[in-house]
Amino acid sequence: MSRLTLQTLDTAPADSRPFVEKAIANNGYLPNLIGVLANAPVALETYLTVSGINARASLSLMEREVVQITAARIHGCDFCIAGHSAISLKKAGQTPEVVRALQHGQLTGDAKLDAVATFATAVIATRGAVTDADYQAFLGAGYHQQQALEVVLGISLATLCNFSNSLAGTPVNPQLTPYLPGAV
C-alpha cells in the first residue's frame, strides 16, 4: 500500500489532470509513479519536463536507460528498475541478458553500455566528484564532456523518481511486474 495517495484522473488535483491524461494516453494505463507525483502538480510537471529534455540528449535511448536502471538499482527503486527494463526491452530492443546484468550491477559485455553504467555508478557514489581515472575511462570509451553531463541529467531525473517512489512506497503496476529483477 502506498504511503502517499495514488491519484487517478478523477481524484488528481486540477493542475495535474492534463499530465495524468497524457500519461494514460502514452502508456495505456496510469503508472503508479504518475499517480504519486500527481499529488504535487509541480513535481509531476518537473518529471515530465525533465523526461522530455533527457530524451533529447545525445546519449542513445539504451544509454539513457542504462543510467536509469543503474540509478534505480543503487537507490533501491524496484518500480523504476521494472519500468526502465520494460523500455530497454520493448523500445530500445535490448536483450534480456543485458537487462538482467544491469538490474544486478554486473557487466553486460557491451563496452559502451558498461562504461555508462560504471560512470553513472561513480557519479552517484561520489555525488559527482568522480576521480580523474573514472572520468578518463568514460572519455576513453568514446564519450565526451557533453555525455558526462547528460549522465548527471539522467541521474537527476532518476533521483526524483526513485526518491518519490521510496517516500510513497509506490506499488509496481501489474503491467510492469514481468520486468522486475528476477522476472526478466
# chains A, B, ... in the order shown; residues from 1 in each chain; ligands from 1

$ residues_around --residues "Ala117 of chain A" --least-positions-apart "6" --cutoff "9 Å" --atoms "only C-alpha atoms" --output "PyMOL selection string"
chain A and resi 63+66-67+69-71+102+105+107

$ closest_residue --among "A:Tyr143, A:Phe19, A:Phe163, A:Tyr135" --to "Gly76 of chain A" --atoms "only C-alpha atoms"
A:Phe163

$ residues_around --residues "His75 of chain A" --least-positions-apart "2" --cutoff "12 Å" --atoms "only C-alpha atoms" --output "PDB file with C-alpha atoms, in the first residue's frame"
ATOM      1  CA  VAL A  67      21.629   5.417 -16.396  1.00  0.00           C
ATOM      2  CA  GLN A  68      18.031   4.973 -15.214  1.00  0.00           C
ATOM      3  CA  ILE A  69      18.381   1.273 -14.340  1.00  0.00           C
ATOM      4  CA  THR A  70      21.738   1.864 -12.659  1.00  0.00           C
ATOM      5  CA  ALA A  71      20.415   4.713 -10.524  1.00  0.00           C
ATOM      6  CA  ALA A  72      17.240   2.794  -9.646  1.00  0.00           C
ATOM      7  CA  ARG A  73      19.299  -0.235  -8.596  1.00  0.00           C
ATOM      8  CA  CYS A  77      13.678   1.535  -6.563  1.00  0.00           C
ATOM      9  CA  ASP A  78      12.146  -1.645  -7.979  1.00  0.00           C
ATOM     10  CA  PHE A  79       9.367   0.373  -9.646  1.00  0.00           C
ATOM     11  CA  CYS A  80      11.906   2.260 -11.769  1.00  0.00           C
ATOM     12  CA  ILE A  81      14.031  -0.828 -12.411  1.00  0.00           C
ATOM     13  CA  GLN A 103      19.490  -4.964 -12.878  1.00  0.00           C
ATOM     14  CA  THR A 121      27.724   4.419 -10.516  1.00  0.00           C
ATOM     15  CA  ILE A 124      26.210   8.600  -7.690  1.00  0.00           C
ATOM     16  CA  ALA A 125      28.765   7.191  -5.246  1.00  0.00           C
ATOM     17  CA  ILE A 155      20.680  10.737 -12.553  1.00  0.00           C
ATOM     18  CA  ALA A 158      16.128   9.142 -11.683  1.00  0.00           C
ATOM     19  CA  THR A 159      16.615  10.687  -8.253  1.00  0.00           C
ATOM     20  CA  LEU A 160      13.272  12.495  -8.442  1.00  0.00           C
ATOM     21  CA  CYS A 161      11.501   9.267  -9.399  1.00  0.00           C
ATOM     22  CA  ASN A 162      13.438   6.866  -7.169  1.00  0.00           C
ATOM     23  CA  PHE A 163      13.134   9.014  -4.059  1.00  0.00           C
ATOM     24  CA  SER A 164       9.462   9.788  -4.704  1.00  0.00           C
ATOM     25  CA  ASN A 165       8.722   6.082  -5.040  1.00  0.00           C
ATOM     26  CA  SER A 166      10.672   5.320  -1.879  1.00  0.00           C
ATOM     27  CA  LEU A 167       8.854   8.042   0.040  1.00  0.00           C
TER      28      LEU A 167
END

$ atom_distance --atom1 "atom CA of Asn32 of chain A" --atom2 "atom CA of Gly154 of chain A"
20.2 Å

$ closest_residue --among "A:Ile34, A:Val152, A:Ala12, A:Ala129" --to "Tyr47 of chain A" --atoms "only C-alpha atoms"
A:Ile34

$ closest_residue --among "A:Ile24, A:Leu48, A:Ala40, A:Val116" --to "Met62 of chain A" --atoms "only C-alpha atoms"
A:Val116

$ closest_residue --among "A:Gly52, A:Pro31, A:Pro41, A:Gly109" --to "Val172 of chain A" --atoms "only C-alpha atoms"
A:Pro31

$ closest_residue --among "A:Ala82, A:Ala57, A:Ala137, A:Ile87" --to "Glu150 of chain A" --atoms "only C-alpha atoms"
A:Ala57

$ residues_around --residues "Ser16 of chain A" --least-positions-apart "3" --cutoff "9 Å" --atoms "only C-alpha atoms" --output "PyMOL selection string"
chain A and resi 9+12-13+19-21+37-42+44-45

$ write_last_selection --atoms "all heavy atoms" --output "CSV table (one decimal), in the first residue's frame"
chain,number,residue,atom,x,y,z
A,9,LEU,N,-7.2,9.9,-12.6
A,9,LEU,CA,-7.6,11.0,-13.4
A,9,LEU,C,-8.8,11.8,-12.6
A,9,LEU,O,-8.8,13.0,-12.7
A,9,LEU,CB,-8.1,10.6,-14.7
A,9,LEU,CG,-8.5,11.6,-15.7
A,9,LEU,CD1,-7.5,12.7,-15.9
A,9,LEU,CD2,-9.0,11.0,-17.0
A,12,ALA,N,-7.1,13.4,-9.1
A,12,ALA,CA,-5.9,14.3,-9.1
A,12,ALA,C,-6.2,15.7,-9.0
A,12,ALA,O,-7.3,16.2,-9.5
A,12,ALA,CB,-5.1,14.0,-10.4
A,13,PRO,N,-5.4,16.5,-8.4
A,13,PRO,CA,-5.6,18.0,-8.4
A,13,PRO,C,-5.7,18.5,-9.9
A,13,PRO,O,-5.1,17.9,-10.8
A,13,PRO,CB,-4.3,18.5,-7.8
A,13,PRO,CG,-3.7,17.4,-7.0
A,13,PRO,CD,-4.1,16.2,-7.7
A,19,PHE,N,-1.6,16.3,-17.2
A,19,PHE,CA,-0.4,15.4,-17.2
A,19,PHE,C,-0.8,13.9,-17.0
A,19,PHE,O,-0.3,13.0,-17.6
A,19,PHE,CB,0.6,15.8,-16.1
A,19,PHE,CG,1.1,17.2,-16.3
A,19,PHE,CD1,0.9,18.1,-15.3
A,19,PHE,CD2,1.7,17.7,-17.4
A,19,PHE,CE1,1.3,19.4,-15.4
A,19,PHE,CE2,2.2,19.0,-17.5
A,19,PHE,CZ,2.0,19.9,-16.5
A,20,VAL,N,-1.8,13.7,-16.2
A,20,VAL,CA,-2.3,12.4,-15.9
A,20,VAL,C,-3.0,11.8,-17.2
A,20,VAL,O,-2.7,10.7,-17.6
A,20,VAL,CB,-3.3,12.4,-14.7
A,20,VAL,CG1,-4.0,11.0,-14.6
A,20,VAL,CG2,-2.5,12.7,-13.4
A,21,GLU,N,-3.7,12.7,-17.9
A,21,GLU,CA,-4.4,12.3,-19.1
A,21,GLU,C,-3.3,11.9,-20.2
A,21,GLU,O,-3.5,10.9,-20.9
A,21,GLU,CB,-5.2,13.4,-19.7
A,21,GLU,CG,-6.5,13.6,-18.9
A,21,GLU,CD,-7.3,14.9,-19.4
A,21,GLU,OE1,-6.7,15.7,-20.1
A,21,GLU,OE2,-8.5,15.0,-19.1
A,37,LEU,N,3.2,11.3,-8.1
A,37,LEU,CA,3.6,12.6,-8.4
A,37,LEU,C,2.5,13.6,-8.6
A,37,LEU,O,2.7,14.8,-8.4
A,37,LEU,CB,4.6,12.6,-9.6
A,37,LEU,CG,5.9,12.0,-9.4
A,37,LEU,CD1,6.7,11.9,-10.8
A,37,LEU,CD2,6.7,12.7,-8.4
A,38,ALA,N,1.3,13.1,-9.0
A,38,ALA,CA,0.2,14.0,-9.2
A,38,ALA,C,-0.2,14.7,-7.9
A,38,ALA,O,-0.9,15.7,-8.0
A,38,ALA,CB,-1.0,13.2,-9.8
A,39,ASN,N,0.1,14.2,-6.8
A,39,ASN,CA,-0.2,14.9,-5.5
A,39,ASN,C,0.5,16.3,-5.5
A,39,ASN,O,0.0,17.1,-4.8
A,39,ASN,CB,0.4,14.0,-4.3
A,39,ASN,CG,-0.5,12.8,-4.1
A,39,ASN,OD1,-1.7,13.0,-3.7
A,39,ASN,ND2,0.0,11.7,-4.3
A,40,ALA,N,1.6,16.5,-6.2
A,40,ALA,CA,2.2,17.8,-6.3
A,40,ALA,C,2.4,18.1,-7.7
A,40,ALA,O,3.3,17.6,-8.4
A,40,ALA,CB,3.6,17.7,-5.6
A,41,PRO,N,1.5,18.9,-8.3
A,41,PRO,CA,1.5,19.2,-9.7
A,41,PRO,C,2.8,19.7,-10.2
A,41,PRO,O,3.3,19.3,-11.3
A,41,PRO,CB,0.4,20.3,-9.9
A,41,PRO,CG,-0.6,20.0,-8.8
A,41,PRO,CD,0.3,19.5,-7.6
A,42,VAL,N,3.6,20.4,-9.4
A,42,VAL,CA,4.9,20.9,-9.9
A,42,VAL,C,5.9,19.8,-9.9
A,42,VAL,O,6.8,19.8,-10.8
A,42,VAL,CB,5.4,22.1,-9.0
A,42,VAL,CG1,4.6,23.3,-9.1
A,42,VAL,CG2,5.6,21.7,-7.5
A,44,LEU,N,5.1,16.6,-10.7
A,44,LEU,CA,4.7,15.9,-11.9
A,44,LEU,C,5.2,16.6,-13.1
A,44,LEU,O,5.7,16.0,-14.1
A,44,LEU,CB,3.2,15.6,-11.9
A,44,LEU,CG,2.6,14.9,-13.1
A,44,LEU,CD1,3.4,13.6,-13.3
A,44,LEU,CD2,1.1,14.7,-12.9
A,45,GLU,N,4.9,17.9,-13.2
A,45,GLU,CA,5.4,18.7,-14.3
A,45,GLU,C,6.9,18.7,-14.5
A,45,GLU,O,7.4,18.6,-15.6
A,45,GLU,CB,4.9,20.2,-14.1
A,45,GLU,CG,5.3,21.1,-15.3
A,45,GLU,CD,4.8,22.5,-15.2
A,45,GLU,OE1,4.3,22.9,-14.1
A,45,GLU,OE2,5.0,23.2,-16.2

$ closest_residue --among "A:Val50, A:Leu4, A:Tyr29, A:Arg17" --to "Leu157 of chain A" --atoms "only C-alpha atoms"
A:Val50

$ atom_distance --atom1 "atom CA of Leu153 of chain A" --atom2 "atom CA of Leu89 of chain A"
22.2 Å

$ select_by_dssp --residues "segment 72-161 of chain A" --states "alpha helix (DSSP H)" --output "ChimeraX atom specification"
/A:72-75,78-90,96-103,111-126,132-140,145-161

$ atom_distance --atom1 "atom CA of Gln7 of chain A" --atom2 "atom CA of Thr170 of chain A"
11.5 Å
